[in-house]
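Participant: Contents are compact mmCIF, C-alpha atoms and all ligand atoms; file name final_7.txt:
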# COMPACT_ATOMS: atom_id res chain seq x y z
CA MET A 264 -33.13 -1.02 -53.27
CA LEU A 265 -32.22 -0.83 -49.59
CA VAL A 266 -33.97 1.87 -47.50
CA LEU A 267 -33.01 2.81 -43.95
CA GLY A 268 -35.98 4.05 -41.89
CA ILE A 269 -35.59 6.34 -38.87
CA GLU A 270 -38.51 7.10 -36.53
CA THR A 271 -38.04 9.57 -33.67
CA SER A 272 -41.32 11.52 -33.56
CA CYS A 273 -42.29 10.79 -29.98
CA ASP A 274 -40.97 8.42 -27.33
CA GLU A 275 -39.77 5.50 -29.44
CA THR A 276 -36.54 5.32 -31.41
CA GLY A 277 -37.28 2.97 -34.32
CA ILE A 278 -34.80 1.92 -36.99
CA ALA A 279 -35.35 -0.51 -39.87
CA LEU A 280 -33.88 -1.72 -43.14
CA PHE A 281 -36.38 -2.45 -45.90
CA ASP A 282 -35.29 -4.09 -49.15
CA THR A 283 -37.73 -3.54 -52.03
CA GLU A 284 -36.94 -7.05 -53.34
CA ARG A 285 -36.63 -9.02 -50.11
CA GLY A 286 -38.90 -7.10 -47.75
CA LEU A 287 -38.06 -6.11 -44.20
CA LEU A 288 -34.50 -7.26 -43.39
CA SER A 289 -34.19 -6.08 -39.80
CA HIS A 290 -35.56 -3.58 -37.36
CA ALA A 291 -34.87 -2.38 -33.83
CA LEU A 292 -36.83 -0.33 -31.36
CA TYR A 293 -36.01 1.42 -28.14
CA SER A 294 -39.00 2.56 -26.11
CA GLN A 295 -38.55 5.40 -23.62
CA VAL A 296 -41.85 4.60 -21.98
CA GLU A 297 -40.32 3.70 -18.63
CA MET A 298 -38.39 6.96 -18.46
CA HIS A 299 -41.54 9.04 -19.08
CA SER A 300 -43.95 6.99 -16.98
CA GLU A 301 -42.61 8.58 -13.82
CA TYR A 302 -43.94 11.95 -15.11
CA GLY A 303 -47.32 10.60 -16.28
CA GLY A 304 -46.64 11.64 -19.89
CA VAL A 305 -43.91 12.27 -22.44
CA VAL A 306 -41.39 14.98 -21.44
CA PRO A 307 -40.27 16.41 -24.81
CA GLU A 308 -36.76 17.49 -23.78
CA LEU A 309 -35.99 14.12 -22.22
CA ALA A 310 -37.33 12.41 -25.34
CA SER A 311 -35.00 14.35 -27.68
CA ARG A 312 -31.95 13.67 -25.52
CA ASP A 313 -32.69 9.98 -25.36
CA HIS A 314 -33.18 9.73 -29.14
CA ILE A 315 -29.68 11.21 -29.53
CA ARG A 316 -28.28 8.49 -27.29
CA ARG A 317 -30.07 5.62 -29.04
CA VAL A 318 -30.21 6.37 -32.71
CA LEU A 319 -26.64 5.60 -33.87
CA PRO A 320 -26.23 2.38 -31.84
CA LEU A 321 -29.61 1.22 -33.15
CA ILE A 322 -28.60 1.93 -36.75
CA LYS A 323 -25.42 -0.11 -36.23
CA GLN A 324 -27.42 -2.92 -34.63
CA THR A 325 -29.95 -2.95 -37.49
CA LEU A 326 -27.22 -3.04 -40.14
CA ALA A 327 -25.40 -5.86 -38.32
CA ALA A 328 -28.61 -7.89 -37.95
CA ALA A 329 -29.23 -7.58 -41.70
CA LYS A 330 -25.54 -8.25 -42.51
CA ARG A 331 -25.34 -5.03 -44.47
CA ASP A 332 -23.01 -2.05 -44.26
CA LEU A 333 -23.61 1.67 -44.61
CA GLN A 334 -22.42 1.77 -48.22
CA GLN A 335 -25.15 -0.64 -49.28
CA ILE A 336 -27.97 1.70 -48.24
CA ASN A 337 -29.65 3.30 -51.27
CA ALA A 338 -31.94 5.79 -49.52
CA ILE A 339 -32.93 7.14 -46.11
CA ALA A 340 -36.47 7.71 -44.89
CA TYR A 341 -36.96 9.64 -41.68
CA THR A 342 -40.09 10.85 -39.89
CA GLN A 343 -40.43 14.53 -40.71
CA GLY A 344 -43.63 15.08 -38.70
CA PRO A 345 -46.03 15.40 -37.05
CA GLY A 346 -44.60 14.96 -33.57
CA LEU A 347 -42.39 16.63 -30.99
CA ALA A 348 -40.16 19.15 -32.75
CA GLY A 349 -37.00 18.34 -30.79
CA ALA A 350 -37.49 14.60 -31.14
CA LEU A 351 -38.16 14.89 -34.87
CA LEU A 352 -35.00 16.97 -35.30
CA VAL A 353 -32.84 14.09 -34.09
CA GLY A 354 -34.02 11.69 -36.80
CA ALA A 355 -34.17 14.38 -39.47
CA SER A 356 -30.64 15.68 -38.82
CA ILE A 357 -29.12 12.20 -38.74
CA GLY A 358 -31.08 11.17 -41.84
CA ALA A 359 -30.04 14.29 -43.73
CA ALA A 360 -26.39 14.00 -42.63
CA MET A 361 -26.19 10.37 -43.71
CA SER A 362 -27.85 11.20 -47.01
CA PHE A 363 -25.35 14.01 -47.63
CA ALA A 364 -22.32 11.90 -46.66
CA LEU A 365 -23.40 8.77 -48.55
CA LYS A 366 -24.75 10.79 -51.53
CA ILE A 367 -28.08 9.00 -51.45
CA PRO A 368 -31.62 10.42 -51.38
CA ALA A 369 -33.36 11.30 -48.13
CA LEU A 370 -37.12 11.46 -47.76
CA GLY A 371 -39.07 13.12 -44.98
CA ILE A 372 -42.01 10.83 -44.21
CA HIS A 373 -45.34 11.72 -42.62
CA HIS A 374 -45.67 9.64 -39.45
CA LEU A 375 -49.33 8.82 -40.14
CA GLU A 376 -48.58 7.73 -43.67
CA GLY A 377 -46.23 5.22 -42.05
CA HIS A 378 -49.08 3.94 -39.87
CA LEU A 379 -51.52 3.91 -42.81
CA LEU A 380 -49.24 1.79 -44.98
CA SER A 381 -47.95 -0.50 -42.20
CA PRO A 382 -50.54 -3.27 -42.84
CA LEU A 383 -48.94 -3.67 -46.27
CA LEU A 384 -45.89 -5.12 -44.48
CA SER A 385 -47.95 -8.20 -43.48
CA THR A 386 -49.27 -11.08 -45.54
CA PRO A 387 -51.92 -11.22 -46.77
CA ALA A 388 -51.68 -7.50 -47.54
CA PRO A 389 -54.65 -5.39 -48.65
CA ASN A 390 -54.81 -3.99 -52.19
CA PHE A 391 -55.55 -0.35 -53.04
CA PRO A 392 -58.11 1.13 -52.62
CA PHE A 393 -59.03 0.48 -48.99
CA ILE A 394 -60.50 2.22 -45.95
CA ALA A 395 -58.08 2.89 -43.10
CA LEU A 396 -59.03 3.41 -39.49
CA LEU A 397 -56.14 5.26 -37.90
CA VAL A 398 -56.35 5.07 -34.13
CA SER A 399 -53.30 6.26 -32.22
CA GLY A 400 -52.45 8.34 -29.18
CA GLY A 401 -52.72 11.52 -31.22
CA HIS A 402 -55.17 10.69 -34.00
CA THR A 403 -58.49 9.08 -34.78
CA GLN A 404 -59.30 9.22 -38.46
CA LEU A 405 -61.11 7.29 -41.14
CA MET A 406 -59.40 7.66 -44.50
CA GLN A 407 -59.90 6.33 -47.97
CA VAL A 408 -56.53 5.21 -49.32
CA ASP A 409 -56.49 5.03 -53.12
CA ALA A 410 -52.71 4.74 -53.59
CA VAL A 411 -49.48 5.81 -51.88
CA GLY A 412 -49.95 9.53 -51.18
CA HIS A 413 -53.60 9.54 -52.27
CA TYR A 414 -55.57 9.88 -49.05
CA ARG A 415 -59.07 11.21 -48.53
CA LEU A 416 -60.19 12.14 -45.03
CA LEU A 417 -63.69 10.73 -44.37
CA GLY A 418 -64.01 11.56 -40.70
CA GLU A 419 -61.99 12.29 -37.57
CA THR A 420 -62.26 13.05 -33.89
CA VAL A 421 -63.53 16.46 -32.95
CA ASP A 422 -61.68 16.36 -29.61
CA ASP A 423 -59.60 13.61 -27.95
CA ALA A 424 -58.01 10.80 -29.94
CA ALA A 425 -59.09 7.24 -29.09
CA GLY A 426 -55.65 6.43 -27.65
CA GLU A 427 -55.70 9.63 -25.63
CA ALA A 428 -59.10 8.62 -24.19
CA PHE A 429 -57.66 5.20 -23.30
CA ASP A 430 -54.68 6.86 -21.63
CA LYS A 431 -56.73 9.41 -19.70
CA THR A 432 -59.22 6.78 -18.54
CA ALA A 433 -56.37 4.49 -17.57
CA LYS A 434 -54.97 7.31 -15.45
CA LEU A 435 -58.36 7.69 -13.70
CA LEU A 436 -58.22 3.97 -13.00
CA GLU A 437 -54.69 4.34 -11.60
CA LEU A 438 -53.08 2.29 -14.35
CA GLY A 439 -50.09 4.50 -15.12
CA TYR A 440 -49.03 5.94 -18.47
CA PRO A 441 -49.56 5.12 -21.30
CA GLY A 442 -52.36 2.95 -20.04
CA GLY A 443 -54.19 1.70 -23.15
CA ALA A 444 -52.74 -1.80 -23.04
CA ALA A 445 -53.05 -2.03 -19.23
CA LEU A 446 -56.68 -0.89 -19.40
CA SER A 447 -57.56 -3.53 -21.96
CA LYS A 448 -55.86 -6.18 -19.82
CA LEU A 449 -57.87 -5.07 -16.79
CA ALA A 450 -61.09 -5.06 -18.85
CA ARG A 451 -60.73 -8.82 -19.37
CA ARG A 452 -61.74 -9.28 -15.74
CA GLY A 453 -64.65 -6.84 -16.02
CA ARG A 454 -68.25 -8.05 -15.73
CA PRO A 455 -70.34 -7.16 -18.79
CA GLY A 456 -73.20 -4.74 -18.22
CA GLN A 457 -72.18 -3.54 -14.75
CA PHE A 458 -71.88 0.01 -16.02
CA LYS A 459 -73.20 1.63 -19.17
CA LEU A 460 -71.33 4.54 -20.69
CA PRO A 461 -72.49 6.80 -23.56
CA ARG A 462 -71.63 6.09 -27.21
CA PRO A 463 -70.62 9.62 -28.30
CA MET A 464 -71.66 10.62 -31.83
CA LEU A 465 -72.75 7.09 -32.67
CA ASN A 466 -75.79 8.45 -34.51
CA SER A 467 -74.29 11.73 -35.72
CA GLY A 468 -74.86 10.69 -39.32
CA ASP A 469 -71.26 11.41 -40.27
CA LEU A 470 -67.95 9.63 -39.77
CA ASN A 471 -66.62 11.89 -37.00
CA PHE A 472 -65.82 10.85 -33.45
CA SER A 473 -65.77 12.44 -30.01
CA PHE A 474 -64.14 10.87 -26.97
CA SER A 475 -63.69 13.62 -24.41
CA GLY A 476 -67.24 13.23 -23.02
CA LEU A 477 -66.59 9.56 -22.43
CA LYS A 478 -63.60 10.34 -20.29
CA THR A 479 -65.73 12.80 -18.29
CA ALA A 480 -68.40 10.13 -17.87
CA VAL A 481 -65.73 7.80 -16.47
CA LEU A 482 -64.56 10.54 -14.12
CA THR A 483 -68.10 10.94 -12.79
CA LEU A 484 -68.42 7.18 -12.39
CA VAL A 485 -65.08 6.86 -10.62
CA SER A 486 -65.92 9.65 -8.17
CA LYS A 487 -69.16 7.89 -7.21
CA GLN A 488 -67.73 4.41 -6.65
CA GLU A 489 -65.49 2.79 -4.19
CA LEU A 490 -62.66 1.77 -6.46
CA THR A 491 -62.24 -1.92 -5.69
CA GLU A 492 -60.27 -4.12 -8.07
CA GLN A 493 -63.53 -5.48 -9.48
CA THR A 494 -65.10 -2.04 -9.97
CA ARG A 495 -62.03 -0.81 -11.79
CA ALA A 496 -62.22 -3.82 -14.11
CA ASP A 497 -65.96 -3.26 -14.66
CA ILE A 498 -65.39 0.40 -15.54
CA ALA A 499 -62.49 -0.50 -17.82
CA LEU A 500 -64.75 -2.92 -19.67
CA ALA A 501 -67.62 -0.41 -19.92
CA PHE A 502 -65.22 2.18 -21.33
CA GLN A 503 -63.71 -0.23 -23.82
CA ASP A 504 -67.17 -1.44 -24.90
CA ALA A 505 -68.17 2.14 -25.69
CA VAL A 506 -65.02 3.01 -27.68
CA VAL A 507 -65.05 -0.28 -29.55
CA GLU A 508 -68.71 0.04 -30.50
CA VAL A 509 -68.27 3.55 -31.89
CA LEU A 510 -65.06 2.69 -33.79
CA THR A 511 -66.65 -0.47 -35.22
CA GLN A 512 -69.90 1.16 -36.36
CA LYS A 513 -68.21 4.15 -37.99
CA SER A 514 -65.65 1.95 -39.75
CA LEU A 515 -68.44 -0.21 -41.16
CA ALA A 516 -70.35 2.89 -42.22
CA ALA A 517 -67.21 4.06 -44.08
CA LEU A 518 -67.06 0.72 -45.89
CA SER A 519 -70.74 0.92 -46.85
CA GLN A 520 -70.54 4.52 -48.01
CA SER A 521 -67.44 3.95 -50.14
CA GLY A 522 -68.51 0.56 -51.46
CA LEU A 523 -65.06 -0.79 -50.51
CA THR A 524 -64.58 -4.20 -48.88
CA GLN A 525 -61.17 -3.88 -47.22
CA LEU A 526 -60.56 -2.18 -43.91
CA VAL A 527 -57.07 -1.54 -42.62
CA VAL A 528 -56.55 -0.74 -38.94
CA ALA A 529 -53.44 1.20 -38.00
CA GLY A 530 -52.01 2.92 -34.92
CA GLY A 531 -51.48 1.86 -31.33
CA VAL A 532 -55.15 1.30 -30.43
CA GLY A 533 -55.25 -1.21 -33.30
CA ALA A 534 -53.48 -3.56 -30.88
CA ASN A 535 -56.68 -3.73 -28.81
CA GLU A 536 -58.03 -7.29 -28.84
CA GLN A 537 -61.67 -6.39 -28.27
CA LEU A 538 -61.56 -3.90 -31.14
CA ARG A 539 -60.06 -6.57 -33.39
CA GLU A 540 -62.70 -9.15 -32.44
CA SER A 541 -65.53 -6.70 -32.95
CA LEU A 542 -64.26 -5.44 -36.33
CA ASP A 543 -63.54 -8.95 -37.59
CA TYR A 544 -66.99 -10.17 -36.61
CA LYS A 545 -68.99 -7.22 -37.97
CA ALA A 546 -66.95 -6.93 -41.16
CA ALA A 547 -67.32 -10.65 -41.91
CA LEU A 548 -71.11 -10.28 -41.70
CA LYS A 549 -70.83 -7.72 -44.51
CA GLY A 550 -68.37 -9.76 -46.57
CA ALA A 551 -65.51 -7.34 -45.86
CA ALA A 552 -61.99 -8.20 -44.73
CA VAL A 553 -60.00 -6.48 -41.99
CA PHE A 554 -56.21 -6.15 -42.12
CA TYR A 555 -53.97 -5.35 -39.17
CA PRO A 556 -50.28 -4.66 -39.00
CA GLU A 557 -48.27 -7.19 -36.99
CA LEU A 558 -48.63 -6.26 -33.31
CA GLU A 559 -45.08 -4.88 -33.17
CA PHE A 560 -45.89 -2.56 -36.11
CA CYS A 561 -49.13 -1.23 -34.59
CA THR A 562 -47.31 1.17 -32.29
CA ASP A 563 -44.50 3.45 -33.44
CA ASN A 564 -41.65 1.73 -35.27
CA GLY A 565 -38.99 2.28 -37.92
CA ALA A 566 -40.26 -0.40 -40.31
CA MET A 567 -43.34 1.58 -41.35
CA ILE A 568 -41.15 4.62 -42.09
CA ALA A 569 -38.63 2.63 -44.15
CA PHE A 570 -41.53 1.00 -46.00
CA ALA A 571 -43.37 4.28 -46.70
CA GLY A 572 -40.04 5.75 -47.92
CA ALA A 573 -39.48 2.81 -50.26
CA MET A 574 -43.04 3.09 -51.67
CA ARG A 575 -42.64 6.83 -52.25
CA LEU A 576 -39.23 6.51 -53.89
CA GLN A 577 -40.54 3.89 -56.26
CA ALA A 578 -43.43 6.16 -57.24
CA MET A 579 -41.11 9.16 -57.82
CA PRO A 580 -39.25 9.94 -61.05
CA GLU A 581 -35.63 8.72 -60.53
CA LYS A 582 -34.15 12.07 -61.57
CA ASN A 583 -35.63 13.52 -58.37
CA TRP A 584 -33.79 11.11 -56.06
CA GLN A 585 -31.47 13.69 -54.57
CA PRO A 586 -29.27 13.76 -51.47
CA ALA A 587 -30.48 16.14 -48.79
CA GLY A 588 -29.11 19.68 -49.04
CA SER A 589 -31.04 20.80 -45.97
CA PHE A 590 -33.89 19.56 -43.83
CA THR A 591 -36.91 20.77 -41.91
CA VAL A 592 -39.31 19.13 -39.50
CA LYS A 593 -43.07 19.69 -39.31
CA ALA A 594 -44.34 19.32 -35.75
CA ARG A 595 -47.87 19.93 -37.04
CA TRP A 596 -48.64 18.51 -40.44
CA GLY A 597 -52.03 17.42 -41.78
CA LEU A 598 -52.06 14.20 -43.76
CA GLU A 599 -54.31 15.84 -46.34
CA MET A 600 -51.50 18.37 -47.02
CA LEU A 601 -49.20 15.57 -48.12
CA GLU A 602 -47.75 15.75 -51.62
CA LYS A 603 -48.38 12.94 -54.06
CA PRO A 604 -45.10 11.06 -54.74
CA GLU A 605 -45.35 11.53 -58.52
CA ALA A 606 -45.43 15.32 -57.94
CA ASN A 607 -42.02 15.30 -56.21
O1 LIG B 1 -49.50 4.75 -32.63
P1 LIG B 1 -48.98 4.92 -31.26
O2 LIG B 1 -47.81 4.09 -30.84
O3 LIG B 1 -48.51 6.37 -30.95
C1 LIG B 1 -48.94 7.49 -31.55
O4 LIG B 1 -48.43 7.80 -32.65
O5 LIG B 1 -49.83 8.11 -30.92
O6 LIG B 1 -50.21 4.70 -30.27
C2 LIG B 1 -50.08 4.79 -28.88
C3 LIG B 1 -51.46 4.71 -28.28
C4 LIG B 1 -51.46 5.03 -26.79
O7 LIG B 1 -52.50 5.93 -26.52
C5 LIG B 1 -51.72 3.66 -26.13
O8 LIG B 1 -52.37 3.73 -24.90
C6 LIG B 1 -52.60 3.00 -27.18
O9 LIG B 1 -52.02 3.40 -28.41
N1 LIG B 1 -52.61 1.53 -27.06
C7 LIG B 1 -53.73 0.82 -26.80
C8 LIG B 1 -53.34 -0.54 -26.75
N2 LIG B 1 -51.99 -0.60 -26.97
C9 LIG B 1 -51.57 0.68 -27.17
N3 LIG B 1 -55.00 1.22 -26.63
C10 LIG B 1 -55.91 0.26 -26.38
N4 LIG B 1 -55.62 -1.05 -26.29
C11 LIG B 1 -54.37 -1.50 -26.47
N5 LIG B 1 -54.10 -2.83 -26.40
ZN ZN B 2 -47.72 6.66 -34.07
I need this file expressed as structure tokens, please.
Facilitator:
Amino acid sequence: MLVLGIETSCDETGIALFDTERGLLSHALYSQVEMHSEYGGVVPELASRDHIRRVLPLIKQTLAAAKRDLQQINAIAYTQGPGLAGALLVGASIGAAMSFALKIPALGIHHLEGHLLSPLLSTPAPNFPFIALLVSGGHTQLMQVDAVGHYRLLGETVDDAAGEAFDKTAKLLELGYPGGAALSKLARRGRPGQFKLPRPMLNSGDLNFSFSGLKTAVLTLVSKQELTEQTRADIALAFQDAVVEVLTQKSLAALSQSGLTQLVVAGGVGANEQLRESLDYKAALKGAAVFYPELEFCTDNGAMIAFAGAMRLQAMPEKNWQPAGSFTVKARWGLEMLEKPEAN
């Protein structure tokens, strides 16, 4: 079965073709990051307009790269939410129109389900059940994943997401937007122990997180220092140390509490090298294994949407594989509200 995936929830247009027998055949991504960086954040209206420009050429490119044509597609998976309403509408309307014209099923996929399942695209892949640490620009959650569509929220941020904290701190350090990757690059030149920042909620006794205080602590630090290149690097490292320590300890606590031995890391912050090193090291001490999506599938992409669509379709009764009659998008949509595929 050949599934076309369409991701347009934020500032990346991602398209992919996933074959349930052969795996990922091809994928293409267009990032609008340069266009938005001038404004210091994503401008929703510009994002929607750019998705409109990119999505059809990218679909053509993805089909050509896989040497497939439109008629060979068996189903469409598009990101239905959460995200920017206008941006989501582009993918949803094209997905639904193609489904209607080609008389094939269309599935609206939850963006975070895409991230949660993306490590299954790599080898070795984890087996269900596993713990997932979802760390993106909009979310920081620990989930127990028992099967496709069976997710239990164990803990989440009470304020800023980890990626958001990276981005805001990067801005304070004059690193542009989104600054997570730039901050972690700068941190490599930081001197350990020059500054010590708080570890918010490290000992809260639950699996929740809080990152907004950390950003404020950085703000205070920045206002007191002369921002030389070295100081910026030292602050970047101190910030990263704090985030990484909290994420690592809570993830390990989730493993201990659940008795599970596999941890999956998903979302953009999962690309962070220091986080990876720390999780690998601490998990190995406990006999647990950590799984990461390929770097290109850590941030937003079409492959995770095509893959999640394929997994859901396979779990659904075939009589329910219907072409789209209409479509909706869900700008706000909790993962815990997600329907189980066998209920569709
Ligand atoms: O998953 P994602 O592409 O978008 C959302 O759905 O939010 O994640 C983007 C986030 C941004 O906040 C970005 O700064 C952060 O991931 N990020 C990083 C790194 N690469 C991307 N944060 C820390 N270290 C990195 N290497
Ligand atoms: Zn994302």
Participant: Between A:Lys549, A:Arg451, A:His314, A:Arg285, single out the one closest to ligand LIG 1 (chain B), counting all atoms listed in the file.
Facilitator: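 Under the stated criterion, the closest residue is A:Arg451.
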Participant: Smallest atom-to-atom distance to Glu297 of chain A: which of A:Ile394, A:Leu280, A:Leu484, A:Gly439, using all atoms listed in the file?
Facilitator: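 Ranked by minimum distance to Glu297 of chain A, first place goes to A:Gly439.
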Participant: Tell me which of A:Ser475, A:Ser399, A:Gln577, A:Gln334 sits closest to ligand ZN 2 (chain B), counting all atoms listed in the file.
Facilitator: A:Ser399
Participant: For a test of reading the model, state the distance in Å between atom CA of Gln335 of chain A and atom CA of Glu376 of chain A, rounded to one decimal.
Facilitator: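 Here the two named atoms are 25.5 Å from each other.
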Participant: Which residues are close to Gln537 of chain A, i.e. within 12 Å by only C-alpha atoms, leaving aside same-chain residues fewer than 5 positions away? Reply as a list in words.
Facilitator: Ala444, Leu446, Ser447, Lys448, Ala450, Arg451, Leu500, Ala501, Phe502, Gln503, Asp504, Ala505, Val506, Val507, Glu508, Leu510, Thr511, Val532, Leu542, Asp543 and Tyr544 of chain A
Participant: Using all atoms listed in the file for the distances, tell me which of A:Gly286, A:Gly530, A:Pro307, A:Pro345 is nearest to ligand LIG 1 (chain B).
Facilitator: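 For ligand LIG 1 (chain B), the nearest of the given residues is A:Gly530.
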Participant: In Å, with one decimal, what is the gap from atom CA of Leu518 of chain A to atom CA of Gly533 of chain A?
Facilitator: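 Between atom CA of Leu518 of chain A and atom CA of Gly533 of chain A the gap works out to 17.4 Å.
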Participant: Could you please extract the residues within 6 Å of ligand LIG 1 (chain B), counting only C-alpha atoms and all ligand atoms, and hand them back as an NGL selection string?
Facilitator: :A and (399-401 or 426-427 or 429-430 or 441-444 or 447 or 530-532 or 534-535 or 562-563)
Participant: (-37.1, -7.5, -44.6) in this file's frame - what residues fall within 10 Å of it? Use only C-alpha atoms and give the answer as a PyMOL selection string.
Facilitator: chain A and resi 265+279-290+329+384+566+570
Participant: Mind writing the picked residues with C-alpha atoms as a PDB file, in the frame of the given file?
Facilitator:
ATOM      1  CA  LEU A 265     -32.220  -0.830 -49.590  1.00  0.00           C
ATOM      2  CA  ALA A 279     -35.350  -0.510 -39.870  1.00  0.00           C
ATOM      3  CA  LEU A 280     -33.880  -1.720 -43.140  1.00  0.00           C
ATOM      4  CA  PHE A 281     -36.380  -2.450 -45.900  1.00  0.00           C
ATOM      5  CA  ASP A 282     -35.290  -4.090 -49.150  1.00  0.00           C
ATOM      6  CA  THR A 283     -37.730  -3.540 -52.030  1.00  0.00           C
ATOM      7  CA  GLU A 284     -36.940  -7.050 -53.340  1.00  0.00           C
ATOM      8  CA  ARG A 285     -36.630  -9.020 -50.110  1.00  0.00           C
ATOM      9  CA  GLY A 286     -38.900  -7.100 -47.750  1.00  0.00           C
ATOM     10  CA  LEU A 287     -38.060  -6.110 -44.200  1.00  0.00           C
ATOM     11  CA  LEU A 288     -34.500  -7.260 -43.390  1.00  0.00           C
ATOM     12  CA  SER A 289     -34.190  -6.080 -39.800  1.00  0.00           C
ATOM     13  CA  HIS A 290     -35.560  -3.580 -37.360  1.00  0.00           C
ATOM     14  CA  ALA A 329     -29.230  -7.580 -41.700  1.00  0.00           C
ATOM     15  CA  LEU A 384     -45.890  -5.120 -44.480  1.00  0.00           C
ATOM     16  CA  ALA A 566     -40.260  -0.400 -40.310  1.00  0.00           C
ATOM     17  CA  PHE A 570     -41.530   1.000 -46.000  1.00  0.00           C
TER      18      PHE A 570
END
Participant: Mind giving me the straight-line distance from atom CA of Phe363 of chain A to atom CA of Gly349 of chain A in Å, one decimal?
Facilitator: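 Going from atom CA of Phe363 of chain A over to atom CA of Gly349 of chain A covers 20.9 Å.
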Participant: Which of these residues is nearest to ligand ZN 2 (chain B), using only C-alpha atoms and all ligand atoms: A:Pro586, A:Pro556, A:Gly358, A:Gly346?
Facilitator: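 Smallest separation from ligand ZN 2 (chain B) among the options: A:Gly346.
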Participant: For Ser519 of chain A, which of A:Phe393, A:Phe590, A:Pro604, A:Phe474 is the closest residue, counting all atoms listed in the file?
Facilitator: A:Phe393
Participant: Can you tell me which residues surround Leu482 of chain A at a distance of at most 10 Å, considering all atoms listed in the file, apart from same-chain residues fewer than 3 positions away, and format the answer as a list in words?
Facilitator: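 Listed by chain and then number, they are Lys431, Thr432, Leu435, Leu436, Gly476, Leu477, Lys478, Thr479, Val485, Ser486 and Lys487 of chain A.
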Participant: How would the residues just chosen look if you wrote them out with C-alpha atoms as a PDB file, in the coordinates of the input?
Facilitator:
ATOM      1  CA  LYS A 431     -56.730   9.410 -19.700  1.00  0.00           C
ATOM      2  CA  THR A 432     -59.220   6.780 -18.540  1.00  0.00           C
ATOM      3  CA  LEU A 435     -58.360   7.690 -13.700  1.00  0.00           C
ATOM      4  CA  LEU A 436     -58.220   3.970 -13.000  1.00  0.00           C
ATOM      5  CA  GLY A 476     -67.240  13.230 -23.020  1.00  0.00           C
ATOM      6  CA  LEU A 477     -66.590   9.560 -22.430  1.00  0.00           C
ATOM      7  CA  LYS A 478     -63.600  10.340 -20.290  1.00  0.00           C
ATOM      8  CA  THR A 479     -65.730  12.800 -18.290  1.00  0.00           C
ATOM      9  CA  VAL A 485     -65.080   6.860 -10.620  1.00  0.00           C
ATOM     10  CA  SER A 486     -65.920   9.650  -8.170  1.00  0.00           C
ATOM     11  CA  LYS A 487     -69.160   7.890  -7.210  1.00  0.00           C
TER      12      LYS A 487
END
